[in-house]
$ cat coords06.cif   # mmCIF, C-alpha atoms
data_my_file
loop_
_atom_site.group_PDB
_atom_site.id
_atom_site.type_symbol
_atom_site.label_atom_id
_atom_site.label_comp_id
_atom_site.auth_asym_id
_atom_site.auth_seq_id
_atom_site.Cartn_x
_atom_site.Cartn_y
_atom_site.Cartn_z
ATOM 1 C CA MET A 164 -24.210 -9.011 -8.464
ATOM 2 C CA LEU A 165 -24.796 -6.944 -5.342
ATOM 3 C CA THR A 166 -28.090 -7.529 -3.494
ATOM 4 C CA LEU A 167 -29.816 -4.501 -1.994
ATOM 5 C CA ASP A 168 -32.622 -6.179 -0.041
ATOM 6 C CA HIS A 169 -31.315 -4.984 3.367
ATOM 7 C CA LEU A 170 -30.945 -1.360 2.252
ATOM 8 C CA ALA A 171 -33.779 1.094 2.975
ATOM 9 C CA PRO A 172 -34.200 4.006 0.507
ATOM 10 C CA GLU A 173 -32.956 6.518 3.104
ATOM 11 C CA ASP A 174 -29.856 4.494 4.099
ATOM 12 C CA ARG A 175 -26.455 5.772 3.030
ATOM 13 C CA VAL A 176 -23.396 3.564 2.720
ATOM 14 C CA VAL A 177 -19.740 4.285 2.107
ATOM 15 C CA ALA A 178 -18.627 3.453 -1.437
ATOM 16 C CA VAL A 179 -14.920 2.823 -1.978
ATOM 17 C CA ALA A 180 -13.851 2.944 -5.634
ATOM 18 C CA GLN A 181 -10.763 0.819 -6.320
ATOM 19 C CA HIS A 182 -8.935 0.445 -9.631
ATOM 20 C CA ALA A 183 -9.742 -3.114 -10.734
ATOM 21 C CA VAL A 184 -6.294 -3.678 -12.253
ATOM 22 C CA SER A 185 -3.800 -1.752 -10.130
ATOM 23 C CA GLY A 186 -5.637 -2.026 -6.812
ATOM 24 C CA ALA A 187 -5.205 1.705 -6.164
ATOM 25 C CA VAL A 188 -7.949 3.280 -4.061
ATOM 26 C CA LEU A 189 -9.366 6.006 -6.305
ATOM 27 C CA MET A 190 -11.972 7.727 -4.156
ATOM 28 C CA VAL A 191 -14.487 7.361 -1.344
ATOM 29 C CA ALA A 192 -18.044 8.692 -1.554
ATOM 30 C CA PHE A 193 -21.547 7.897 -0.330
ATOM 31 C CA ALA A 194 -24.178 5.850 -2.092
ATOM 32 C CA ASP A 195 -27.755 4.932 -1.323
ATOM 33 C CA ARG A 196 -30.158 2.359 -2.701
ATOM 34 C CA GLU A 197 -31.050 4.500 -5.739
ATOM 35 C CA ALA A 198 -27.372 5.177 -6.570
ATOM 36 C CA LEU A 199 -26.534 1.477 -6.336
ATOM 37 C CA GLU A 200 -29.563 0.515 -8.432
ATOM 38 C CA ARG A 201 -28.432 2.966 -11.147
ATOM 39 C CA THR A 202 -24.882 1.609 -10.871
ATOM 40 C CA ILE A 203 -26.085 -1.964 -11.373
ATOM 41 C CA ALA A 204 -28.423 -0.986 -14.225
ATOM 42 C CA THR A 205 -25.839 1.048 -16.189
ATOM 43 C CA GLY A 206 -22.563 -0.661 -15.266
ATOM 44 C CA GLU A 207 -21.102 2.737 -14.317
ATOM 45 C CA MET A 208 -20.708 4.217 -10.833
ATOM 46 C CA HIS A 209 -23.376 6.476 -9.370
ATOM 47 C CA TYR A 210 -23.091 8.154 -5.971
ATOM 48 C CA ARG A 211 -25.256 10.185 -3.582
ATOM 49 C CA SER A 212 -24.098 13.561 -2.288
ATOM 50 C CA ARG A 213 -25.769 15.962 0.135
ATOM 51 C CA THR A 214 -25.095 18.843 -2.251
ATOM 52 C CA ARG A 215 -25.368 17.152 -5.663
ATOM 53 C CA GLY A 216 -27.971 14.524 -4.933
ATOM 54 C CA LEU A 217 -27.772 11.483 -7.199
ATOM 55 C CA TRP A 218 -24.762 11.843 -9.501
ATOM 56 C CA HIS A 219 -23.280 9.755 -12.256
ATOM 57 C CA LYS A 220 -19.470 9.822 -11.984
ATOM 58 C CA GLY A 221 -18.101 11.286 -15.204
ATOM 59 C CA ALA A 222 -21.457 12.420 -16.621
ATOM 60 C CA THR A 223 -20.041 15.876 -17.392
ATOM 61 C CA SER A 224 -16.269 15.211 -17.471
ATOM 62 C CA GLY A 225 -16.336 11.874 -19.307
ATOM 63 C CA ASN A 226 -14.295 10.334 -16.465
ATOM 64 C CA VAL A 227 -16.745 7.499 -15.891
ATOM 65 C CA GLN A 228 -15.955 4.470 -13.758
ATOM 66 C CA LYS A 229 -16.967 1.197 -15.408
ATOM 67 C CA VAL A 230 -17.899 -1.403 -12.824
ATOM 68 C CA VAL A 231 -16.008 -4.700 -12.744
ATOM 69 C CA SER A 232 -17.474 -5.903 -9.440
ATOM 70 C CA LEU A 233 -19.348 -4.713 -6.370
ATOM 71 C CA ALA A 234 -19.005 -6.314 -2.936
ATOM 72 C CA TRP A 235 -20.393 -5.568 0.517
ATOM 73 C CA ASP A 236 -18.162 -5.476 3.558
ATOM 74 C CA CYS A 237 -18.944 -7.883 6.431
ATOM 75 C CA ASP A 238 -21.492 -5.475 8.012
ATOM 76 C CA ARG A 239 -23.086 -4.578 4.661
ATOM 77 C CA ASP A 240 -22.731 -0.855 5.377
ATOM 78 C CA ALA A 241 -19.871 -0.203 2.944
ATOM 79 C CA VAL A 242 -19.430 -1.322 -0.649
ATOM 80 C CA LEU A 243 -16.186 -1.962 -2.514
ATOM 81 C CA ALA A 244 -16.525 -1.018 -6.170
ATOM 82 C CA ARG A 245 -13.758 -2.408 -8.361
ATOM 83 C CA VAL A 246 -13.785 -0.156 -11.424
ATOM 84 C CA LEU A 247 -11.983 0.695 -14.640
ATOM 85 C CA PRO A 248 -11.748 4.500 -14.705
ATOM 86 C CA ALA A 249 -11.943 6.390 -17.995
ATOM 87 C CA GLY A 250 -9.966 9.274 -16.507
ATOM 88 C CA PRO A 251 -9.012 10.928 -13.226
ATOM 89 C CA ALA A 252 -11.112 10.063 -10.188
ATOM 90 C CA CYS A 253 -10.396 13.248 -8.257
ATOM 91 C CA HIS A 254 -12.018 16.624 -8.958
ATOM 92 C CA THR A 255 -8.478 18.097 -8.899
ATOM 93 C CA GLY A 256 -7.601 16.138 -12.040
ATOM 94 C CA GLU A 257 -5.430 13.635 -10.165
ATOM 95 C CA PRO A 258 -5.888 9.902 -10.868
ATOM 96 C CA THR A 259 -6.809 9.279 -7.217
ATOM 97 C CA CYS A 260 -8.003 11.398 -4.310
ATOM 98 C CA PHE A 261 -5.230 9.875 -2.187
ATOM 99 C CA GLY A 262 -2.139 11.053 -4.089
ATOM 100 C CA ALA A 263 0.789 9.301 -5.698
ATOM 101 C CA ALA A 264 1.295 6.820 -2.844
ATOM 102 C CA ALA A 265 -2.021 5.142 -3.713
ATOM 103 C CA LEU A 266 -0.844 4.562 -7.292
ATOM 104 C CA ALA A 267 2.383 2.830 -6.343
ATOM 105 C CA ALA A 268 0.598 -0.352 -5.258
ATOM 106 C CA ASP A 269 1.076 -2.346 -8.442
ATOM 107 C CA ALA A 270 3.122 -0.947 -11.326
ATOM 108 C CA ALA A 271 2.464 -4.074 -13.407
ATOM 109 C CA GLY A 272 -1.271 -3.543 -12.928
ATOM 110 C CA VAL A 273 -0.948 0.036 -14.136
ATOM 111 C CA THR A 274 1.064 -1.195 -17.144
ATOM 112 C CA SER A 275 -1.713 -3.692 -17.868
ATOM 113 C CA ALA A 276 -4.296 -0.900 -17.756
ATOM 114 C CA VAL A 277 -2.201 1.182 -20.188
ATOM 115 C CA VAL A 278 -1.858 -1.788 -22.567
ATOM 116 C CA ARG A 279 -5.629 -2.376 -22.395
ATOM 117 C CA ALA A 280 -6.296 1.302 -23.147
ATOM 118 C CA ARG A 281 -3.902 1.384 -26.099
ATOM 119 C CA ALA A 282 -5.375 -1.823 -27.490
ATOM 120 C CA THR A 283 -8.765 -0.166 -27.823
ATOM 121 C CA ASP A 284 -7.746 3.448 -28.568
ATOM 122 C CA PRO A 285 -8.493 4.237 -32.234
ATOM 123 C CA GLY A 286 -6.031 7.149 -32.043
ATOM 124 C CA ALA A 287 -3.171 4.737 -31.294
ATOM 125 C CA GLU A 288 -3.551 2.955 -34.638
ATOM 126 C CA GLY A 289 -0.251 3.058 -36.539
ATOM 127 C CA THR A 290 1.587 5.031 -33.843
ATOM 128 C CA SER A 291 1.663 2.692 -30.860
ATOM 129 C CA TYR A 292 4.340 0.041 -30.343
ATOM 130 C CA THR A 293 1.808 -1.843 -28.220
ATOM 131 C CA ARG A 294 -0.646 -1.893 -31.136
ATOM 132 C CA ARG A 295 2.116 -3.141 -33.464
ATOM 133 C CA LEU A 296 2.838 -6.013 -31.097
ATOM 134 C CA LEU A 297 -0.842 -6.874 -30.714
ATOM 135 C CA ALA A 298 -1.329 -6.913 -34.494
ATOM 136 C CA ASP A 299 1.732 -9.040 -35.291
ATOM 137 C CA ARG A 300 1.896 -12.449 -33.590
ATOM 138 C CA ASN A 301 5.398 -13.249 -34.858
ATOM 139 C CA LEU A 302 6.837 -9.912 -33.691
ATOM 140 C CA ARG A 303 5.113 -10.314 -30.313
ATOM 141 C CA LEU A 304 6.527 -13.806 -29.737
ATOM 142 C CA LYS A 305 9.984 -12.835 -31.023
ATOM 143 C CA LYS A 306 10.174 -9.881 -28.601
ATOM 144 C CA LEU A 307 8.972 -12.040 -25.708
ATOM 145 C CA GLY A 308 11.771 -14.537 -26.400
ATOM 146 C CA GLU A 309 14.387 -11.806 -26.812
ATOM 147 C CA GLU A 310 13.485 -10.164 -23.512
ATOM 148 C CA ALA A 311 13.582 -13.515 -21.685
ATOM 149 C CA ALA A 312 17.021 -14.266 -23.152
ATOM 150 C CA GLU A 313 18.325 -10.809 -22.183
ATOM 151 C CA LEU A 314 17.110 -11.361 -18.617
ATOM 152 C CA VAL A 315 18.940 -14.697 -18.497
ATOM 153 C CA LEU A 316 22.150 -13.019 -19.713
ATOM 154 C CA GLY A 317 21.832 -10.213 -17.153
ATOM 155 C CA CYS A 318 21.439 -12.790 -14.382
ATOM 156 C CA ALA A 319 24.291 -14.953 -15.712
ATOM 157 C CA ASP A 320 26.601 -11.918 -15.782
ATOM 158 C CA GLY A 321 25.622 -10.897 -12.266
ATOM 159 C CA ASP A 322 24.483 -7.530 -13.631
ATOM 160 C CA ARG A 323 21.808 -6.398 -11.189
ATOM 161 C CA ALA A 324 20.801 -3.216 -13.041
ATOM 162 C CA ARG A 325 20.483 -5.047 -16.365
ATOM 163 C CA ALA A 326 18.508 -7.888 -14.771
ATOM 164 C CA VAL A 327 16.041 -5.384 -13.255
ATOM 165 C CA SER A 328 15.687 -3.496 -16.546
ATOM 166 C CA GLU A 329 15.222 -6.664 -18.583
ATOM 167 C CA THR A 330 12.654 -7.969 -16.098
ATOM 168 C CA ALA A 331 10.635 -4.772 -16.619
ATOM 169 C CA ASP A 332 10.857 -5.278 -20.404
ATOM 170 C CA LEU A 333 9.835 -8.931 -20.052
ATOM 171 C CA VAL A 334 6.843 -8.058 -17.840
ATOM 172 C CA TYR A 335 5.637 -5.464 -20.384
ATOM 173 C CA HIS A 336 5.957 -7.906 -23.309
ATOM 174 C CA ALA A 337 4.284 -10.672 -21.284
ATOM 175 C CA ILE A 338 1.365 -8.347 -20.500
ATOM 176 C CA VAL A 339 0.991 -7.547 -24.203
ATOM 177 C CA ALA A 340 1.111 -11.268 -25.053
ATOM 178 C CA LEU A 341 -1.581 -11.966 -22.448
ATOM 179 C CA ARG A 342 -3.756 -9.134 -23.827
ATOM 180 C CA ALA A 343 -3.553 -10.736 -27.286
ATOM 181 C CA LEU A 344 -5.072 -13.856 -25.697
ATOM 182 C CA GLY A 345 -7.838 -11.885 -23.990
ATOM 183 C CA ALA A 346 -6.176 -12.084 -20.581
ATOM 184 C CA GLY A 347 -4.482 -9.517 -18.373
ATOM 185 C CA TRP A 348 -2.315 -8.955 -15.335
ATOM 186 C CA GLU A 349 -5.376 -9.343 -13.097
ATOM 187 C CA ASP A 350 -5.586 -12.978 -14.294
ATOM 188 C CA VAL A 351 -1.954 -13.546 -13.281
ATOM 189 C CA GLN A 352 -2.663 -12.007 -9.869
ATOM 190 C CA GLU A 353 -5.668 -14.280 -9.405
ATOM 191 C CA GLU A 354 -3.602 -17.339 -10.378
ATOM 192 C CA LEU A 355 -0.943 -16.362 -7.822
ATOM 193 C CA ARG A 356 -3.602 -15.809 -5.128
ATOM 194 C CA GLN A 357 -4.985 -19.299 -5.785
ATOM 195 C CA ARG A 358 -1.526 -20.824 -5.562
ATOM 196 C CA HIS A 359 -1.021 -19.179 -2.169
ATOM 197 C CA GLY A 360 -4.455 -20.278 -0.984
ATOM 198 C CA GLU A 361 -5.766 -16.723 -0.551
#

$ encode --input "coords06.cif" --output "structure tokens"
Amino acid sequence: MLTLDHLAPEDRVVAVAQHAVSGAVLMVAFADREALERTIATGEMHYRSRTRGLWHKGATSGNVQKVVSLAWDCDRDAVLARVLPAGPACHTGEPTCFGAAALAADAAGVTSAVVRARATDPGAEGTSYTRRLLADRNLRLKKLGEEAAELVLGCADGDRARAVSETADLVYHAIVALRALGAGWEDVQEELRQRHGE
């Protein structure tokens, strides 16, 4: 976890909140030693503002940011907070303070976040196709095989539009299958990074 030994109580650092799955930059704010100590202690982001003082993101709105990891930059004057947001990051109600362009970074990561949310949402019980797939191993594996076969046929027929559509279906079903195993798209990304030596 993040060490704070170099940080004096009066020091402020830039805190960049990034979606841990999609990679989208959600917001930028300031933090100080107290805010980072509270973040580490609670597992949810806290910031420091000149007007609000110490504030817990989502304390009133419910749009908390659960911490996945915290990392200093090379100068240790900015911190990257990889988070799982429970709602919009921006006070305007938008998912990110940087607009739609910031969300386009990784559509598969966003899909993974949606699958994760539906897997744990009690309101989705009985109404969500994702929940049906997660609850039924045979259905999940059957759909995964069907989507792979449809992609092969689209490619064999030289049908670009069908191949793209079937790839999207296959990615979704693969993400659901991974979730059933306790894994996610972020694990696939990490595997690919390791293969490329990043």

$ closest_residue --input "coords06.cif" --among "A:Leu189, A:Ala204, A:Thr166, A:Val315" --to "A:Glu257" --atoms "all atoms listed in the file"
A:Leu189

$ closest_residue --input "coords06.cif" --among "A:Val230, A:Val184, A:Asp284, A:Arg295" --to "A:Val351" --atoms "only C-alpha atoms"
A:Val184

$ closest_residue --input "coords06.cif" --among "A:Leu170, A:Cys260, A:Arg239, A:Val231" --to "A:Met190" --atoms "all atoms listed in the file"
A:Cys260

$ closest_residue --input "coords06.cif" --among "A:Glu200, A:Asp240, A:Ala180, A:Val191" --to "A:Gln228" --atoms "all atoms listed in the file"
A:Ala180

$ resolve_selection --input "coords06.cif" --expression "the PyMOL selection byres ((chain A and resi 294) around 12)" --output "ChimeraX atom specification"
/A:277-293,295-300,302-303,336,339-340,342-343

$ atom_distance --input "coords06.cif" --atom1 "atom CA of A:Ala270" --atom2 "atom CA of A:Ala249"
18.0 Å

$ atom_distance --input "coords06.cif" --atom1 "atom CA of A:Ile338" --atom2 "atom CA of A:Thr274"
7.9 Å

$ atom_distance --input "coords06.cif" --atom1 "atom CA of A:Arg245" --atom2 "atom CA of A:Arg201"
15.9 Å

$ residues_near_point --input "coords06.cif" --point "(-17.8, -1.2, -5.9)" --cutoff "12 Å" --atoms "only C-alpha atoms" --output "compact mmCIF listing (two decimals) with C-alpha atoms, keeping the file's coordinate frame"
# COMPACT_ATOMS: atom_id res chain seq x y z
CA MET A 164 -24.21 -9.01 -8.46
CA LEU A 165 -24.80 -6.94 -5.34
CA VAL A 176 -23.40 3.56 2.72
CA VAL A 177 -19.74 4.28 2.11
CA ALA A 178 -18.63 3.45 -1.44
CA VAL A 179 -14.92 2.82 -1.98
CA ALA A 180 -13.85 2.94 -5.63
CA GLN A 181 -10.76 0.82 -6.32
CA HIS A 182 -8.94 0.44 -9.63
CA ALA A 183 -9.74 -3.11 -10.73
CA VAL A 188 -7.95 3.28 -4.06
CA LEU A 189 -9.37 6.01 -6.30
CA MET A 190 -11.97 7.73 -4.16
CA VAL A 191 -14.49 7.36 -1.34
CA ALA A 192 -18.04 8.69 -1.55
CA PHE A 193 -21.55 7.90 -0.33
CA ALA A 194 -24.18 5.85 -2.09
CA ALA A 198 -27.37 5.18 -6.57
CA LEU A 199 -26.53 1.48 -6.34
CA THR A 202 -24.88 1.61 -10.87
CA ILE A 203 -26.08 -1.96 -11.37
CA GLY A 206 -22.56 -0.66 -15.27
CA GLU A 207 -21.10 2.74 -14.32
CA MET A 208 -20.71 4.22 -10.83
CA HIS A 209 -23.38 6.48 -9.37
CA TYR A 210 -23.09 8.15 -5.97
CA GLN A 228 -15.96 4.47 -13.76
CA LYS A 229 -16.97 1.20 -15.41
CA VAL A 230 -17.90 -1.40 -12.82
CA VAL A 231 -16.01 -4.70 -12.74
CA SER A 232 -17.47 -5.90 -9.44
CA LEU A 233 -19.35 -4.71 -6.37
CA ALA A 234 -19.00 -6.31 -2.94
CA TRP A 235 -20.39 -5.57 0.52
CA ASP A 236 -18.16 -5.48 3.56
CA ALA A 241 -19.87 -0.20 2.94
CA VAL A 242 -19.43 -1.32 -0.65
CA LEU A 243 -16.19 -1.96 -2.51
CA ALA A 244 -16.52 -1.02 -6.17
CA ARG A 245 -13.76 -2.41 -8.36
CA VAL A 246 -13.78 -0.16 -11.42
CA LEU A 247 -11.98 0.70 -14.64

$ closest_residue --input "coords06.cif" --among "A:Val327, A:Glu310, A:Asp174, A:Ala252" --to "A:Arg211" --atoms "all atoms listed in the file"
A:Asp174

$ closest_residue --input "coords06.cif" --among "A:Leu314, A:Gly225, A:Gly347, A:Leu167" --to "A:Ser328" --atoms "all atoms listed in the file"
A:Leu314

$ decode --input "coords06.cif" --residues "stretch 181-305 of chain A" --atoms "C-alpha atoms" --output "JSON list (two decimals), in the first residue's frame"
[["chain", "number", "residue", "atom", "x", "y", "z"],
["A", 181, "GLN", "CA", -8.87, 6.36, -12.77],
["A", 182, "HIS", "CA", -11.47, 3.66, -13.39],
["A", 183, "ALA", "CA", -9.67, 0.42, -12.47],
["A", 184, "VAL", "CA", -11.37, -1.58, -15.23],
["A", 185, "SER", "CA", -11.88, 0.77, -18.18],
["A", 186, "GLY", "CA", -8.85, 2.99, -17.59],
["A", 187, "ALA", "CA", -10.96, 6.13, -17.99],
["A", 188, "VAL", "CA", -9.72, 9.14, -16.02],
["A", 189, "LEU", "CA", -12.66, 10.03, -13.77],
["A", 190, "MET", "CA", -11.52, 13.15, -11.95],
["A", 191, "VAL", "CA", -8.59, 15.11, -10.55],
["A", 192, "ALA", "CA", -8.57, 16.61, -7.06],
["A", 193, "PHE", "CA", -6.17, 17.41, -4.23],
["A", 194, "ALA", "CA", -5.29, 15.23, -1.29],
["A", 195, "ASP", "CA", -3.11, 15.66, 1.76],
["A", 196, "ARG", "CA", -1.68, 13.28, 4.33],
["A", 197, "GLU", "CA", -4.94, 13.13, 6.32],
["A", 198, "ALA", "CA", -7.04, 12.46, 3.18],
["A", 199, "LEU", "CA", -4.70, 9.67, 2.10],
["A", 200, "GLU", "CA", -4.65, 8.16, 5.59],
["A", 201, "ARG", "CA", -8.47, 8.09, 5.59],
["A", 202, "THR", "CA", -8.43, 6.61, 2.08],
["A", 203, "ILE", "CA", -6.09, 3.81, 3.17],
["A", 204, "ALA", "CA", -8.04, 3.16, 6.38],
["A", 205, "THR", "CA", -11.49, 2.99, 4.74],
["A", 206, "GLY", "CA", -10.69, 1.70, 1.25],
["A", 207, "GLU", "CA", -12.68, 4.60, -0.24],
["A", 208, "MET", "CA", -11.33, 7.85, -1.70],
["A", 209, "HIS", "CA", -11.01, 10.95, 0.45],
["A", 210, "TYR", "CA", -9.82, 14.32, -0.86],
["A", 211, "ARG", "CA", -8.85, 17.75, 0.49],
["A", 212, "SER", "CA", -10.49, 20.90, -0.83],
["A", 213, "ARG", "CA", -9.89, 24.54, 0.06],
["A", 214, "THR", "CA", -13.63, 25.09, 0.41],
["A", 215, "ARG", "CA", -14.83, 21.70, 1.71],
["A", 216, "GLY", "CA", -11.84, 20.65, 3.75],
["A", 217, "LEU", "CA", -11.48, 16.89, 4.15],
["A", 218, "TRP", "CA", -14.21, 15.17, 2.12],
["A", 219, "HIS", "CA", -15.19, 11.58, 1.53],
["A", 220, "LYS", "CA", -16.16, 11.12, -2.14],
["A", 221, "GLY", "CA", -19.77, 9.95, -2.25],
["A", 222, "ALA", "CA", -20.52, 10.51, 1.45],
["A", 223, "THR", "CA", -23.73, 12.37, 0.59],
["A", 224, "SER", "CA", -24.45, 11.15, -2.97],
["A", 225, "GLY", "CA", -23.53, 7.48, -2.49],
["A", 226, "ASN", "CA", -21.14, 7.75, -5.45],
["A", 227, "VAL", "CA", -18.16, 6.42, -3.52],
["A", 228, "GLN", "CA", -14.93, 5.34, -5.16],
["A", 229, "LYS", "CA", -13.64, 2.01, -3.85],
["A", 230, "VAL", "CA", -9.86, 1.85, -4.00],
["A", 231, "VAL", "CA", -8.20, -0.92, -6.00],
["A", 232, "SER", "CA", -4.68, 0.52, -5.81],
["A", 233, "LEU", "CA", -2.77, 3.69, -5.02],
["A", 234, "ALA", "CA", 0.57, 4.60, -6.59],
["A", 235, "TRP", "CA", 2.90, 7.59, -6.41],
["A", 236, "ASP", "CA", 4.30, 9.18, -9.53],
["A", 237, "CYS", "CA", 8.11, 9.33, -9.90],
["A", 238, "ASP", "CA", 8.38, 12.60, -7.90],
["A", 239, "ARG", "CA", 5.93, 11.44, -5.22],
["A", 240, "ASP", "CA", 3.89, 14.63, -5.57],
["A", 241, "ALA", "CA", 0.93, 13.08, -7.40],
["A", 242, "VAL", "CA", -0.98, 9.88, -6.67],
["A", 243, "LEU", "CA", -2.81, 7.64, -9.12],
["A", 244, "ALA", "CA", -5.88, 6.10, -7.51],
["A", 245, "ARG", "CA", -7.30, 3.17, -9.46],
["A", 246, "VAL", "CA", -10.90, 2.94, -8.26],
["A", 247, "LEU", "CA", -14.23, 1.23, -8.82],
["A", 248, "PRO", "CA", -16.84, 4.01, -8.79],
["A", 249, "ALA", "CA", -20.31, 3.39, -7.38],
["A", 250, "GLY", "CA", -21.74, 6.15, -9.57],
["A", 251, "PRO", "CA", -20.81, 9.30, -11.48],
["A", 252, "ALA", "CA", -17.51, 10.95, -10.58],
["A", 253, "CYS", "CA", -18.46, 14.44, -11.71],
["A", 254, "HIS", "CA", -20.68, 16.83, -9.75],
["A", 255, "THR", "CA", -22.64, 17.35, -13.01],
["A", 256, "GLY", "CA", -23.80, 13.73, -12.89],
["A", 257, "GLU", "CA", -21.49, 12.64, -15.71],
["A", 258, "PRO", "CA", -19.41, 9.46, -15.27],
["A", 259, "THR", "CA", -16.18, 11.46, -15.67],
["A", 260, "CYS", "CA", -15.19, 15.11, -15.40],
["A", 261, "PHE", "CA", -13.53, 14.81, -18.82],
["A", 262, "GLY", "CA", -16.53, 13.94, -21.01],
["A", 263, "ALA", "CA", -17.36, 11.08, -23.32],
["A", 264, "ALA", "CA", -13.89, 10.92, -24.91],
["A", 265, "ALA", "CA", -12.43, 9.70, -21.60],
["A", 266, "LEU", "CA", -14.89, 6.79, -21.53],
["A", 267, "ALA", "CA", -14.04, 5.51, -24.99],
["A", 268, "ALA", "CA", -10.68, 4.12, -23.87],
["A", 269, "ASP", "CA", -11.74, 0.51, -23.36],
["A", 270, "ALA", "CA", -15.26, -0.62, -24.23],
["A", 271, "ALA", "CA", -14.47, -4.18, -23.09],
["A", 272, "GLY", "CA", -13.40, -2.80, -19.72],
["A", 273, "VAL", "CA", -16.67, -0.93, -19.40],
["A", 274, "THR", "CA", -18.55, -4.12, -20.35],
["A", 275, "SER", "CA", -16.62, -5.96, -17.64],
["A", 276, "ALA", "CA", -17.61, -3.32, -15.09],
["A", 277, "VAL", "CA", -21.28, -3.67, -16.11],
["A", 278, "VAL", "CA", -21.10, -7.47, -15.81],
["A", 279, "ARG", "CA", -19.49, -7.13, -12.36],
["A", 280, "ALA", "CA", -22.22, -4.71, -11.26],
["A", 281, "ARG", "CA", -25.04, -6.95, -12.50],
["A", 282, "ALA", "CA", -23.48, -9.98, -10.84],
["A", 283, "THR", "CA", -23.80, -8.33, -7.45],
["A", 284, "ASP", "CA", -26.99, -6.26, -7.94],
["A", 285, "PRO", "CA", -29.84, -7.85, -5.95],
["A", 286, "GLY", "CA", -32.33, -5.98, -8.15],
["A", 287, "ALA", "CA", -31.07, -7.83, -11.24],
["A", 288, "GLU", "CA", -32.12, -11.22, -9.86],
["A", 289, "GLY", "CA", -34.48, -12.94, -12.31],
["A", 290, "THR", "CA", -34.43, -10.07, -14.83],
["A", 291, "SER", "CA", -30.84, -9.96, -16.05],
["A", 292, "TYR", "CA", -29.53, -12.12, -18.90],
["A", 293, "THR", "CA", -26.07, -11.74, -17.35],
["A", 294, "ARG", "CA", -27.36, -13.18, -14.06],
["A", 295, "ARG", "CA", -28.97, -16.09, -15.94],
["A", 296, "LEU", "CA", -25.65, -16.89, -17.59],
["A", 297, "LEU", "CA", -23.75, -16.64, -14.32],
["A", 298, "ALA", "CA", -26.22, -18.97, -12.59],
["A", 299, "ASP", "CA", -26.27, -21.62, -15.32],
["A", 300, "ARG", "CA", -22.91, -23.15, -16.25],
["A", 301, "ASN", "CA", -24.29, -25.18, -19.16],
["A", 302, "LEU", "CA", -26.08, -22.18, -20.71],
["A", 303, "ARG", "CA", -22.96, -20.04, -20.25],
["A", 304, "LEU", "CA", -20.68, -22.56, -21.99],
["A", 305, "LYS", "CA", -23.23, -23.26, -24.74]]
